[in-house]
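What follows is my_file24.cif (mmCIF, N, CA and C atoms).
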data_run
loop_
_atom_site.label_atom_id
_atom_site.label_comp_id
_atom_site.auth_asym_id
_atom_site.auth_seq_id
_atom_site.Cartn_x
_atom_site.Cartn_y
_atom_site.Cartn_z
N MET A 879 -84.78 35.06 -35.07
CA MET A 879 -83.38 35.34 -35.37
C MET A 879 -83.28 35.90 -36.79
N LYS A 880 -82.20 36.61 -37.02
CA LYS A 880 -81.93 37.09 -38.37
C LYS A 880 -80.54 36.63 -38.79
N GLN A 881 -80.27 36.68 -40.06
CA GLN A 881 -79.01 36.21 -40.61
C GLN A 881 -77.83 36.75 -39.82
N GLY A 882 -76.94 35.86 -39.41
CA GLY A 882 -75.74 36.24 -38.68
C GLY A 882 -75.89 36.22 -37.17
N ASP A 883 -77.12 36.16 -36.67
CA ASP A 883 -77.31 36.10 -35.22
C ASP A 883 -76.74 34.81 -34.65
N VAL A 884 -76.18 34.93 -33.44
CA VAL A 884 -75.62 33.77 -32.74
C VAL A 884 -76.25 33.69 -31.37
N LEU A 885 -76.61 32.48 -30.98
CA LEU A 885 -77.19 32.23 -29.67
C LEU A 885 -76.44 31.05 -29.06
N PHE A 886 -76.12 31.14 -27.78
CA PHE A 886 -75.44 30.05 -27.09
C PHE A 886 -76.42 29.38 -26.13
N CYS A 887 -76.35 28.06 -26.08
CA CYS A 887 -77.26 27.30 -25.21
C CYS A 887 -76.48 26.41 -24.27
N ALA A 888 -76.91 26.37 -23.03
CA ALA A 888 -76.41 25.40 -22.06
C ALA A 888 -77.50 24.34 -21.96
N VAL A 889 -77.16 23.10 -22.30
CA VAL A 889 -78.14 22.02 -22.34
C VAL A 889 -77.92 21.11 -21.13
N TYR A 890 -79.01 20.73 -20.50
CA TYR A 890 -78.96 19.91 -19.28
C TYR A 890 -79.37 18.47 -19.58
N SER A 891 -79.04 17.57 -18.70
CA SER A 891 -79.29 16.14 -18.93
C SER A 891 -80.78 15.80 -19.05
N ASN A 892 -81.67 16.66 -18.55
CA ASN A 892 -83.11 16.42 -18.70
C ASN A 892 -83.66 16.96 -20.03
N HIS A 893 -82.76 17.39 -20.92
CA HIS A 893 -83.06 17.91 -22.26
C HIS A 893 -83.61 19.33 -22.23
N GLU A 894 -83.66 19.96 -21.09
CA GLU A 894 -84.02 21.37 -21.01
C GLU A 894 -82.77 22.19 -21.31
N TYR A 895 -82.94 23.46 -21.63
CA TYR A 895 -81.78 24.29 -21.92
C TYR A 895 -82.10 25.76 -21.69
N THR A 896 -81.05 26.52 -21.51
CA THR A 896 -81.17 27.97 -21.43
C THR A 896 -80.38 28.55 -22.60
N SER A 897 -80.75 29.72 -23.05
CA SER A 897 -80.02 30.33 -24.16
C SER A 897 -79.72 31.78 -23.85
N ASN A 898 -78.64 32.26 -24.45
CA ASN A 898 -78.18 33.61 -24.21
C ASN A 898 -77.30 34.02 -25.38
N ALA A 899 -77.35 35.25 -25.78
CA ALA A 899 -76.48 35.73 -26.85
C ALA A 899 -75.07 35.98 -26.34
N ASP A 900 -74.89 36.00 -25.03
CA ASP A 900 -73.58 36.28 -24.42
C ASP A 900 -72.92 34.98 -23.96
N TRP A 901 -71.89 34.55 -24.67
CA TRP A 901 -71.19 33.31 -24.33
C TRP A 901 -70.57 33.38 -22.94
N SER A 902 -70.11 34.53 -22.54
CA SER A 902 -69.46 34.64 -21.22
C SER A 902 -70.44 34.36 -20.08
N CYS A 903 -71.74 34.52 -20.32
CA CYS A 903 -72.74 34.15 -19.30
C CYS A 903 -73.07 32.66 -19.39
N THR A 904 -73.17 32.15 -20.60
CA THR A 904 -73.60 30.76 -20.82
C THR A 904 -72.56 29.76 -20.34
N ASN A 905 -71.29 29.98 -20.63
CA ASN A 905 -70.28 28.98 -20.32
C ASN A 905 -69.94 28.87 -18.84
N LYS A 906 -70.51 29.71 -18.01
CA LYS A 906 -70.28 29.62 -16.57
C LYS A 906 -71.24 28.66 -15.88
N ASP A 907 -72.17 28.10 -16.63
CA ASP A 907 -73.18 27.20 -16.06
C ASP A 907 -72.57 25.83 -15.80
N SER A 908 -72.24 25.55 -14.56
CA SER A 908 -71.56 24.30 -14.21
C SER A 908 -72.48 23.09 -14.25
N GLN A 909 -73.79 23.31 -14.33
CA GLN A 909 -74.75 22.20 -14.39
C GLN A 909 -74.99 21.70 -15.82
N ALA A 910 -74.43 22.38 -16.81
CA ALA A 910 -74.69 22.03 -18.20
C ALA A 910 -74.08 20.68 -18.57
N TRP A 911 -74.82 19.92 -19.34
CA TRP A 911 -74.35 18.64 -19.89
C TRP A 911 -73.41 18.93 -21.06
N PHE A 912 -73.83 19.87 -21.93
CA PHE A 912 -73.00 20.32 -23.04
C PHE A 912 -73.53 21.68 -23.50
N TYR A 913 -72.83 22.27 -24.46
CA TYR A 913 -73.19 23.60 -24.96
C TYR A 913 -73.40 23.56 -26.47
N ILE A 914 -74.20 24.51 -26.95
CA ILE A 914 -74.47 24.62 -28.38
C ILE A 914 -74.29 26.07 -28.81
N LYS A 915 -73.68 26.22 -29.97
CA LYS A 915 -73.61 27.53 -30.62
C LYS A 915 -74.56 27.48 -31.81
N GLN A 916 -75.65 28.24 -31.73
CA GLN A 916 -76.65 28.30 -32.80
C GLN A 916 -76.38 29.53 -33.64
N THR A 917 -76.19 29.33 -34.94
CA THR A 917 -75.93 30.43 -35.85
C THR A 917 -77.01 30.46 -36.93
N CYS A 918 -77.64 31.60 -37.11
CA CYS A 918 -78.65 31.75 -38.15
C CYS A 918 -77.94 32.04 -39.48
N ILE A 919 -78.09 31.11 -40.41
CA ILE A 919 -77.45 31.25 -41.72
C ILE A 919 -78.27 32.18 -42.61
N VAL A 920 -79.59 31.95 -42.61
CA VAL A 920 -80.50 32.80 -43.37
C VAL A 920 -81.89 32.67 -42.75
N SER A 921 -82.66 33.73 -42.82
CA SER A 921 -83.99 33.73 -42.22
C SER A 921 -85.04 33.92 -43.30
N TYR A 922 -86.05 33.04 -43.29
CA TYR A 922 -87.16 33.14 -44.23
C TYR A 922 -88.45 33.27 -43.43
N SER A 923 -89.53 33.61 -44.10
CA SER A 923 -90.81 33.75 -43.41
C SER A 923 -91.28 32.42 -42.83
N TYR A 924 -90.92 31.30 -43.44
CA TYR A 924 -91.36 29.99 -42.96
C TYR A 924 -90.44 29.40 -41.89
N GLY A 925 -89.25 29.97 -41.70
CA GLY A 925 -88.35 29.46 -40.67
C GLY A 925 -86.92 29.88 -40.92
N ASP A 926 -86.10 29.72 -39.90
CA ASP A 926 -84.69 30.07 -39.99
C ASP A 926 -83.85 28.84 -40.32
N HIS A 927 -82.90 29.03 -41.23
CA HIS A 927 -81.91 28.00 -41.50
C HIS A 927 -80.77 28.25 -40.52
N CYS A 928 -80.62 27.34 -39.58
CA CYS A 928 -79.62 27.52 -38.52
C CYS A 928 -78.69 26.32 -38.43
N ASP A 929 -77.45 26.58 -38.07
CA ASP A 929 -76.50 25.53 -37.70
C ASP A 929 -76.45 25.47 -36.19
N PHE A 930 -76.45 24.24 -35.65
CA PHE A 930 -76.32 24.02 -34.22
C PHE A 930 -75.04 23.23 -34.01
N ASN A 931 -74.00 23.90 -33.55
CA ASN A 931 -72.72 23.23 -33.35
C ASN A 931 -72.50 22.97 -31.86
N ILE A 932 -72.10 21.75 -31.56
CA ILE A 932 -71.83 21.36 -30.18
C ILE A 932 -70.44 21.86 -29.83
N ILE A 933 -70.36 22.54 -28.71
CA ILE A 933 -69.08 23.10 -28.27
C ILE A 933 -68.83 22.74 -26.81
N ASP A 934 -67.58 22.87 -26.41
CA ASP A 934 -67.24 22.62 -25.00
C ASP A 934 -67.25 23.94 -24.24
N ARG A 935 -66.89 23.88 -22.99
CA ARG A 935 -66.94 25.06 -22.12
C ARG A 935 -66.03 26.19 -22.60
N THR A 936 -65.00 25.84 -23.38
CA THR A 936 -64.09 26.87 -23.87
C THR A 936 -64.55 27.45 -25.22
N GLY A 937 -65.63 26.87 -25.77
CA GLY A 937 -66.15 27.35 -27.04
C GLY A 937 -65.60 26.61 -28.25
N LEU A 938 -64.79 25.58 -28.01
CA LEU A 938 -64.22 24.80 -29.11
C LEU A 938 -65.18 23.69 -29.53
N PRO A 939 -65.10 23.25 -30.79
CA PRO A 939 -65.98 22.17 -31.26
C PRO A 939 -65.84 20.93 -30.37
N ALA A 940 -66.98 20.28 -30.15
CA ALA A 940 -67.01 19.08 -29.30
C ALA A 940 -67.98 18.08 -29.93
N ILE A 941 -68.02 16.90 -29.35
CA ILE A 941 -68.92 15.84 -29.81
C ILE A 941 -69.77 15.42 -28.63
N LEU A 942 -71.05 15.22 -28.90
CA LEU A 942 -71.98 14.74 -27.87
C LEU A 942 -72.17 13.24 -28.08
N SER A 943 -71.86 12.44 -27.07
CA SER A 943 -72.02 10.99 -27.16
C SER A 943 -73.26 10.55 -26.40
N ILE A 944 -74.10 9.77 -27.09
CA ILE A 944 -75.28 9.16 -26.48
C ILE A 944 -75.25 7.70 -26.90
N GLY A 945 -75.07 6.81 -25.94
CA GLY A 945 -74.93 5.39 -26.28
C GLY A 945 -73.70 5.21 -27.15
N ASN A 946 -73.86 4.48 -28.24
CA ASN A 946 -72.75 4.24 -29.17
C ASN A 946 -72.70 5.27 -30.30
N PHE A 947 -73.39 6.37 -30.12
CA PHE A 947 -73.52 7.34 -31.20
C PHE A 947 -72.95 8.69 -30.79
N ASP A 948 -72.26 9.31 -31.73
CA ASP A 948 -71.70 10.65 -31.53
C ASP A 948 -72.46 11.63 -32.41
N VAL A 949 -73.08 12.62 -31.80
CA VAL A 949 -73.76 13.68 -32.56
C VAL A 949 -72.70 14.70 -32.93
N LEU A 950 -72.54 14.92 -34.22
CA LEU A 950 -71.51 15.85 -34.69
C LEU A 950 -72.06 17.26 -34.82
N LYS A 951 -73.26 17.38 -35.42
CA LYS A 951 -73.92 18.67 -35.55
C LYS A 951 -75.34 18.43 -36.01
N PHE A 952 -76.15 19.46 -35.96
CA PHE A 952 -77.49 19.40 -36.53
C PHE A 952 -77.84 20.77 -37.06
N TYR A 953 -78.80 20.81 -37.96
CA TYR A 953 -79.13 22.06 -38.62
C TYR A 953 -80.54 22.00 -39.20
N THR A 954 -81.11 23.17 -39.43
CA THR A 954 -82.40 23.27 -40.08
C THR A 954 -82.18 23.76 -41.50
N GLY A 955 -83.07 23.35 -42.40
CA GLY A 955 -82.93 23.76 -43.79
C GLY A 955 -84.12 23.34 -44.60
N GLY A 956 -84.01 23.49 -45.90
CA GLY A 956 -85.08 23.09 -46.80
C GLY A 956 -85.87 24.27 -47.32
N THR A 957 -87.08 23.94 -47.77
CA THR A 957 -87.97 24.94 -48.37
C THR A 957 -89.25 25.05 -47.54
N ARG A 958 -90.11 25.95 -47.92
CA ARG A 958 -91.40 26.11 -47.23
C ARG A 958 -92.15 24.78 -47.23
N GLU A 959 -92.13 24.07 -48.34
CA GLU A 959 -92.84 22.80 -48.46
C GLU A 959 -92.12 21.64 -47.78
N ASN A 960 -90.81 21.74 -47.65
CA ASN A 960 -90.02 20.65 -47.09
C ASN A 960 -88.96 21.20 -46.14
N PHE A 961 -89.41 21.77 -45.03
CA PHE A 961 -88.51 22.32 -44.02
C PHE A 961 -88.15 21.20 -43.07
N PHE A 962 -86.88 20.98 -42.83
CA PHE A 962 -86.45 19.83 -42.04
C PHE A 962 -85.39 20.19 -41.01
N LEU A 963 -85.20 19.26 -40.10
CA LEU A 963 -84.13 19.28 -39.12
C LEU A 963 -83.22 18.11 -39.47
N ALA A 964 -81.96 18.35 -39.76
CA ALA A 964 -81.02 17.29 -40.12
C ALA A 964 -80.06 17.06 -38.95
N VAL A 965 -79.80 15.79 -38.68
CA VAL A 965 -78.90 15.40 -37.60
C VAL A 965 -77.75 14.59 -38.20
N GLU A 966 -76.53 15.07 -38.01
CA GLU A 966 -75.35 14.31 -38.45
C GLU A 966 -74.80 13.59 -37.23
N PHE A 967 -74.71 12.26 -37.35
CA PHE A 967 -74.20 11.47 -36.24
C PHE A 967 -73.43 10.27 -36.75
N LYS A 968 -72.59 9.74 -35.88
CA LYS A 968 -71.70 8.64 -36.25
C LYS A 968 -71.90 7.48 -35.29
N ASP A 969 -71.95 6.28 -35.85
CA ASP A 969 -71.99 5.06 -35.05
C ASP A 969 -70.54 4.70 -34.73
N ARG A 970 -70.15 4.83 -33.46
CA ARG A 970 -68.76 4.59 -33.07
C ARG A 970 -68.33 3.14 -33.31
N ARG A 971 -69.25 2.19 -33.16
CA ARG A 971 -68.87 0.79 -33.32
C ARG A 971 -68.53 0.45 -34.76
N LEU A 972 -69.33 0.95 -35.70
CA LEU A 972 -69.15 0.61 -37.11
C LEU A 972 -68.42 1.70 -37.89
N GLY A 973 -68.38 2.90 -37.33
CA GLY A 973 -67.71 4.00 -38.01
C GLY A 973 -68.55 4.66 -39.10
N HIS A 974 -69.83 4.28 -39.20
CA HIS A 974 -70.71 4.84 -40.23
C HIS A 974 -71.21 6.23 -39.85
N LEU A 975 -71.16 7.13 -40.81
CA LEU A 975 -71.70 8.48 -40.64
C LEU A 975 -73.11 8.49 -41.23
N HIS A 976 -74.06 9.03 -40.49
CA HIS A 976 -75.45 9.11 -40.94
C HIS A 976 -75.91 10.56 -40.90
N ILE A 977 -76.77 10.91 -41.83
CA ILE A 977 -77.48 12.19 -41.81
C ILE A 977 -78.96 11.85 -41.88
N HIS A 978 -79.69 12.19 -40.84
CA HIS A 978 -81.10 11.86 -40.76
C HIS A 978 -81.92 13.15 -40.79
N HIS A 979 -82.93 13.19 -41.66
CA HIS A 979 -83.82 14.35 -41.75
C HIS A 979 -85.08 14.08 -40.95
N ILE A 980 -85.41 14.98 -40.06
CA ILE A 980 -86.64 14.91 -39.28
C ILE A 980 -87.57 15.95 -39.89
N THR A 981 -88.73 15.51 -40.37
CA THR A 981 -89.64 16.44 -41.05
C THR A 981 -90.71 17.00 -40.12
N LYS A 982 -90.99 16.30 -39.04
CA LYS A 982 -91.98 16.79 -38.07
C LYS A 982 -91.27 17.03 -36.75
N TRP A 983 -91.00 18.30 -36.48
CA TRP A 983 -90.27 18.66 -35.26
C TRP A 983 -90.77 20.03 -34.80
N GLN A 984 -90.50 20.29 -33.51
CA GLN A 984 -90.92 21.58 -32.95
C GLN A 984 -89.77 22.31 -32.29
N ASP A 985 -88.89 21.58 -31.63
CA ASP A 985 -87.76 22.18 -30.93
C ASP A 985 -86.49 21.47 -31.40
N PRO A 986 -85.62 22.15 -32.13
CA PRO A 986 -84.47 21.45 -32.71
C PRO A 986 -83.57 20.76 -31.69
N ILE A 987 -83.37 21.36 -30.55
CA ILE A 987 -82.48 20.75 -29.55
C ILE A 987 -83.15 19.54 -28.91
N LYS A 988 -84.36 19.71 -28.40
CA LYS A 988 -85.06 18.59 -27.75
C LYS A 988 -85.35 17.46 -28.73
N ASP A 989 -85.75 17.80 -29.96
CA ASP A 989 -86.07 16.76 -30.93
C ASP A 989 -84.83 16.01 -31.40
N THR A 990 -83.70 16.70 -31.51
CA THR A 990 -82.45 16.01 -31.85
C THR A 990 -82.06 15.04 -30.75
N LEU A 991 -82.11 15.50 -29.50
CA LEU A 991 -81.75 14.62 -28.38
C LEU A 991 -82.71 13.43 -28.29
N GLY A 992 -83.99 13.67 -28.49
CA GLY A 992 -84.97 12.58 -28.46
C GLY A 992 -84.72 11.58 -29.56
N PHE A 993 -84.42 12.06 -30.76
CA PHE A 993 -84.14 11.18 -31.89
C PHE A 993 -82.91 10.31 -31.60
N VAL A 994 -81.82 10.92 -31.19
CA VAL A 994 -80.58 10.16 -30.96
C VAL A 994 -80.77 9.16 -29.82
N LYS A 995 -81.54 9.52 -28.81
CA LYS A 995 -81.83 8.57 -27.73
C LYS A 995 -82.61 7.37 -28.25
N GLN A 996 -83.59 7.61 -29.14
CA GLN A 996 -84.34 6.50 -29.74
C GLN A 996 -83.42 5.58 -30.54
N VAL A 997 -82.52 6.17 -31.32
CA VAL A 997 -81.57 5.37 -32.10
C VAL A 997 -80.67 4.57 -31.16
N ALA A 998 -80.17 5.22 -30.11
CA ALA A 998 -79.30 4.53 -29.15
C ALA A 998 -80.05 3.39 -28.46
N ASP A 999 -81.33 3.60 -28.14
CA ASP A 999 -82.13 2.54 -27.50
C ASP A 999 -82.31 1.35 -28.44
N CYS A 1000 -82.34 1.60 -29.74
CA CYS A 1000 -82.46 0.51 -30.72
C CYS A 1000 -81.12 -0.21 -30.93
N GLY A 1001 -80.04 0.45 -30.62
CA GLY A 1001 -78.72 -0.16 -30.79
C GLY A 1001 -78.10 0.07 -32.15
N SER A 1002 -78.90 0.42 -33.15
CA SER A 1002 -78.35 0.74 -34.46
C SER A 1002 -79.34 1.61 -35.22
N TYR A 1003 -78.82 2.37 -36.15
CA TYR A 1003 -79.66 3.24 -36.98
C TYR A 1003 -80.53 2.39 -37.89
N ASP A 1004 -80.00 1.29 -38.41
CA ASP A 1004 -80.78 0.42 -39.28
C ASP A 1004 -81.99 -0.15 -38.56
N ILE A 1005 -81.82 -0.59 -37.32
CA ILE A 1005 -82.94 -1.12 -36.55
C ILE A 1005 -83.95 -0.02 -36.28
N TYR A 1006 -83.48 1.18 -35.97
CA TYR A 1006 -84.38 2.32 -35.77
C TYR A 1006 -85.24 2.53 -37.02
N LEU A 1007 -84.60 2.55 -38.21
CA LEU A 1007 -85.34 2.77 -39.44
C LEU A 1007 -86.37 1.66 -39.69
N LEU A 1008 -85.99 0.42 -39.41
CA LEU A 1008 -86.93 -0.70 -39.58
C LEU A 1008 -88.12 -0.57 -38.64
N ARG A 1009 -87.87 -0.17 -37.41
CA ARG A 1009 -88.98 0.01 -36.46
C ARG A 1009 -89.91 1.13 -36.90
N GLN A 1010 -89.34 2.22 -37.42
CA GLN A 1010 -90.17 3.33 -37.91
C GLN A 1010 -91.03 2.87 -39.08
N GLU A 1011 -90.44 2.11 -39.99
CA GLU A 1011 -91.17 1.59 -41.14
C GLU A 1011 -92.27 0.63 -40.68
N ASN A 1012 -91.96 -0.20 -39.71
CA ASN A 1012 -92.93 -1.15 -39.16
C ASN A 1012 -94.12 -0.40 -38.54
N GLU A 1013 -93.85 0.64 -37.77
CA GLU A 1013 -94.92 1.43 -37.16
C GLU A 1013 -95.79 2.09 -38.23
N ALA A 1014 -95.17 2.60 -39.29
CA ALA A 1014 -95.93 3.24 -40.37
C ALA A 1014 -96.82 2.21 -41.07
N LEU A 1015 -96.30 1.02 -41.29
CA LEU A 1015 -97.10 -0.03 -41.93
C LEU A 1015 -98.27 -0.46 -41.04
N ARG A 1016 -98.03 -0.58 -39.75
CA ARG A 1016 -99.11 -0.93 -38.82
C ARG A 1016 -100.21 0.13 -38.84
N ALA A 1017 -99.82 1.39 -38.86
CA ALA A 1017 -100.81 2.47 -38.91
C ALA A 1017 -101.60 2.41 -40.22
N GLU A 1018 -100.94 2.12 -41.32
CA GLU A 1018 -101.61 2.02 -42.61
C GLU A 1018 -102.58 0.84 -42.63
N ILE A 1019 -102.18 -0.27 -42.06
CA ILE A 1019 -103.05 -1.45 -41.97
C ILE A 1019 -104.28 -1.13 -41.13
N GLU A 1020 -104.08 -0.42 -40.03
CA GLU A 1020 -105.20 -0.04 -39.15
C GLU A 1020 -106.18 0.87 -39.90
N GLN A 1021 -105.65 1.81 -40.68
CA GLN A 1021 -106.52 2.69 -41.46
C GLN A 1021 -107.33 1.90 -42.49
N LEU A 1022 -106.68 0.94 -43.14
CA LEU A 1022 -107.38 0.10 -44.12
C LEU A 1022 -108.47 -0.74 -43.46
N LYS A 1023 -108.17 -1.27 -42.28
CA LYS A 1023 -109.18 -2.04 -41.53
C LYS A 1023 -110.39 -1.17 -41.19
N ASN A 1024 -110.10 0.06 -40.75
CA ASN A 1024 -111.20 0.98 -40.41
C ASN A 1024 -112.05 1.33 -41.63
N LYS A 1025 -111.43 1.49 -42.78
CA LYS A 1025 -112.17 1.78 -44.01
C LYS A 1025 -113.05 0.60 -44.40
N MET A 1026 -112.54 -0.60 -44.21
CA MET A 1026 -113.30 -1.80 -44.58
C MET A 1026 -114.48 -2.03 -43.65
N ASN A 1027 -114.37 -1.60 -42.40
CA ASN A 1027 -115.45 -1.78 -41.42
C ASN A 1027 -116.55 -0.73 -41.57
N CYS A 1028 -116.33 0.32 -42.32
CA CYS A 1028 -117.35 1.38 -42.46
C CYS A 1028 -118.43 1.01 -43.43
#

Take the structure in the file and give it back as structure tokens.
Amino acid sequence: MKQGDVLFCAVYSNHEYTSNADWSCTNKDSQAWFYIKQTCIVSYSYGDHCDFNIIDRTGLPAILSIGNFDVLKFYTGGTRENFFLAVEFKDRRLGHLHIHHITKWQDPIKDTLGFVKQVADCGSYDIYLLRQENEALRAEIEQLKNKMNC
């Protein structure tokens, strides 16, 4: 993509999606779970900075709800050394707005949906963060054990 390019996506419940530059073709997909308008803000050699806005069938802004969480938008940004995918979402029960940066990702749409599903499965963003930290500590302990056994 280049700066100013717009792509529309019809996203399905299995996290697959189709994309098209023509909204009039995309919004006719009756099987879509929701739609996304992807806009390239700026393009660099290391990646495109894009906004991914959730829209409804009429093209108006919408919210994607997964569990108790509402995904408001997501976007790519950063530098060559720190290129990230950011997800803005809200916990409906507590009213807290969160912005989470994903540093290891491959597909912004699938990775956003996977992340929000993991958070929803945990029941709260705080529990999700604690589980991630716990997994990282376990991996570090395992590495230390392996070093000691050598």

With DSSP run on the backbone, what are the alpha helix (DSSP H) residues within chain A? I'd like them as a ChimeraX atom specification.
/A:901-904,986-1000,1003-1027

Test item: residues at most 6.5 Å from Ala888 (chain A), only N, CA and C atoms, excluding those fewer than 6 positions along its chain, as number ranges by chain
A: 894-898, 904, 910-914

Can you spit out the residues from that selection as an mmCIF file, in the frame of the given file, using N, CA and C atoms?
data_model
loop_
_atom_site.group_PDB
_atom_site.id
_atom_site.type_symbol
_atom_site.label_atom_id
_atom_site.label_comp_id
_atom_site.auth_asym_id
_atom_site.auth_seq_id
_atom_site.Cartn_x
_atom_site.Cartn_y
_atom_site.Cartn_z
ATOM 1 N N GLU A 894 -83.660 19.960 -21.090
ATOM 2 C CA GLU A 894 -84.020 21.370 -21.010
ATOM 3 C C GLU A 894 -82.770 22.190 -21.310
ATOM 4 N N TYR A 895 -82.940 23.460 -21.630
ATOM 5 C CA TYR A 895 -81.780 24.290 -21.920
ATOM 6 C C TYR A 895 -82.100 25.760 -21.690
ATOM 7 N N THR A 896 -81.050 26.520 -21.510
ATOM 8 C CA THR A 896 -81.170 27.970 -21.430
ATOM 9 C C THR A 896 -80.380 28.550 -22.600
ATOM 10 N N SER A 897 -80.750 29.720 -23.050
ATOM 11 C CA SER A 897 -80.020 30.330 -24.160
ATOM 12 C C SER A 897 -79.720 31.780 -23.850
ATOM 13 N N ASN A 898 -78.640 32.260 -24.450
ATOM 14 C CA ASN A 898 -78.180 33.610 -24.210
ATOM 15 C C ASN A 898 -77.300 34.020 -25.380
ATOM 16 N N THR A 904 -73.170 32.150 -20.600
ATOM 17 C CA THR A 904 -73.600 30.760 -20.820
ATOM 18 C C THR A 904 -72.560 29.760 -20.340
ATOM 19 N N ALA A 910 -74.430 22.380 -16.810
ATOM 20 C CA ALA A 910 -74.690 22.030 -18.200
ATOM 21 C C ALA A 910 -74.080 20.680 -18.570
ATOM 22 N N TRP A 911 -74.820 19.920 -19.340
ATOM 23 C CA TRP A 911 -74.350 18.640 -19.890
ATOM 24 C C TRP A 911 -73.410 18.930 -21.060
ATOM 25 N N PHE A 912 -73.830 19.870 -21.930
ATOM 26 C CA PHE A 912 -73.000 20.320 -23.040
ATOM 27 C C PHE A 912 -73.530 21.680 -23.500
ATOM 28 N N TYR A 913 -72.830 22.270 -24.460
ATOM 29 C CA TYR A 913 -73.190 23.600 -24.960
ATOM 30 C C TYR A 913 -73.400 23.560 -26.470
ATOM 31 N N ILE A 914 -74.200 24.510 -26.950
ATOM 32 C CA ILE A 914 -74.470 24.620 -28.380
ATOM 33 C C ILE A 914 -74.290 26.070 -28.810
#

Decode the PyMOL selection byres ((chain A and resi 927) around 8) for the given file into explicit residues and return them as a ChimeraX atom specification.
/A:917-922,924-926,928-930,953-956

Residue neighbourhood Thr990 (chain A), 8 Å, all atoms listed in the file, exclusion window fewer than 4 positions, as a PDB file with N, CA and C atoms, keeping the file's coordinate frame:
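The new file selection24.pdb reads:
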ATOM      1  N   PHE A 952     -76.150  19.460 -35.960  1.00  0.00           N
ATOM      2  CA  PHE A 952     -77.490  19.400 -36.530  1.00  0.00           C
ATOM      3  C   PHE A 952     -77.840  20.770 -37.060  1.00  0.00           C
ATOM      4  N   LEU A 963     -85.200  19.260 -40.100  1.00  0.00           N
ATOM      5  CA  LEU A 963     -84.130  19.280 -39.120  1.00  0.00           C
ATOM      6  C   LEU A 963     -83.220  18.110 -39.470  1.00  0.00           C
ATOM      7  N   ALA A 964     -81.960  18.350 -39.760  1.00  0.00           N
ATOM      8  CA  ALA A 964     -81.020  17.290 -40.120  1.00  0.00           C
ATOM      9  C   ALA A 964     -80.060  17.060 -38.950  1.00  0.00           C
ATOM     10  N   VAL A 965     -79.800  15.790 -38.680  1.00  0.00           N
ATOM     11  CA  VAL A 965     -78.900  15.400 -37.600  1.00  0.00           C
ATOM     12  C   VAL A 965     -77.750  14.590 -38.200  1.00  0.00           C
ATOM     13  N   TRP A 983     -91.000  18.300 -36.480  1.00  0.00           N
ATOM     14  CA  TRP A 983     -90.270  18.660 -35.260  1.00  0.00           C
ATOM     15  C   TRP A 983     -90.770  20.030 -34.800  1.00  0.00           C
ATOM     16  N   GLN A 984     -90.500  20.290 -33.510  1.00  0.00           N
ATOM     17  CA  GLN A 984     -90.920  21.580 -32.950  1.00  0.00           C
ATOM     18  C   GLN A 984     -89.770  22.310 -32.290  1.00  0.00           C
ATOM     19  N   ASP A 985     -88.890  21.580 -31.630  1.00  0.00           N
ATOM     20  CA  ASP A 985     -87.760  22.180 -30.930  1.00  0.00           C
ATOM     21  C   ASP A 985     -86.490  21.470 -31.400  1.00  0.00           C
ATOM     22  N   PRO A 986     -85.620  22.150 -32.130  1.00  0.00           N
ATOM     23  CA  PRO A 986     -84.470  21.450 -32.710  1.00  0.00           C
ATOM     24  C   PRO A 986     -83.570  20.760 -31.690  1.00  0.00           C
ATOM     25  N   VAL A 994     -81.820  10.920 -31.190  1.00  0.00           N
ATOM     26  CA  VAL A 994     -80.580  10.160 -30.960  1.00  0.00           C
ATOM     27  C   VAL A 994     -80.770   9.160 -29.820  1.00  0.00           C
ATOM     28  N   LYS A 995     -81.540   9.520 -28.810  1.00  0.00           N
ATOM     29  CA  LYS A 995     -81.830   8.570 -27.730  1.00  0.00           C
ATOM     30  C   LYS A 995     -82.610   7.370 -28.250  1.00  0.00           C
ATOM     31  N   GLN A 996     -83.590   7.610 -29.140  1.00  0.00           N
ATOM     32  CA  GLN A 996     -84.340   6.500 -29.740  1.00  0.00           C
ATOM     33  C   GLN A 996     -83.420   5.580 -30.540  1.00  0.00           C
TER      34      GLN A 996
END

Considering only strand (DSSP E or B) as DSSP defines it on the backbone, what residues of region 881-1026 of chain A qualify? List them as an NGL selection string.
:A and (884-889 or 895-898 or 912-922 or 925-933 or 939 or 942-944 or 947-956 or 961-969 or 975-980)

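Computed from the coordinates, the CA of Cys1000 (chain A) to atom N of Glu1013 (chain A) distance equals 13.4 Å.
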
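In this structure, atom C of Leu1008 (chain A) sits 19.8 Å away from atom C of Leu972 (chain A).
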
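The spacing separating CA of Leu950 (chain A) from atom C of Asn931 (chain A) amounts to 7.7 Å.
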
Minimum-distance residue to Val997 (chain A), chosen among A:Thr936, A:Asn905, A:Asn946, A:Gln916 (using only N, CA and C atoms)
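When distances to Val997 (chain A) are compared using only N, CA and C atoms, the smallest one comes from A:Asn946.
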
Taking into account all atoms listed in the file, which residue in the set A:Gln1010, A:Thr957, A:Ser908, A:Ser1002 is nearest to Asp969 (chain A)?
A:Ser1002

Compare A:Cys887, A:Cys1028, A:Ala899, A:Val949 by their minimum atom-to-atom distance to Lys968 (chain A), counting all atoms listed in the file, and give me the closest one.
A:Val949
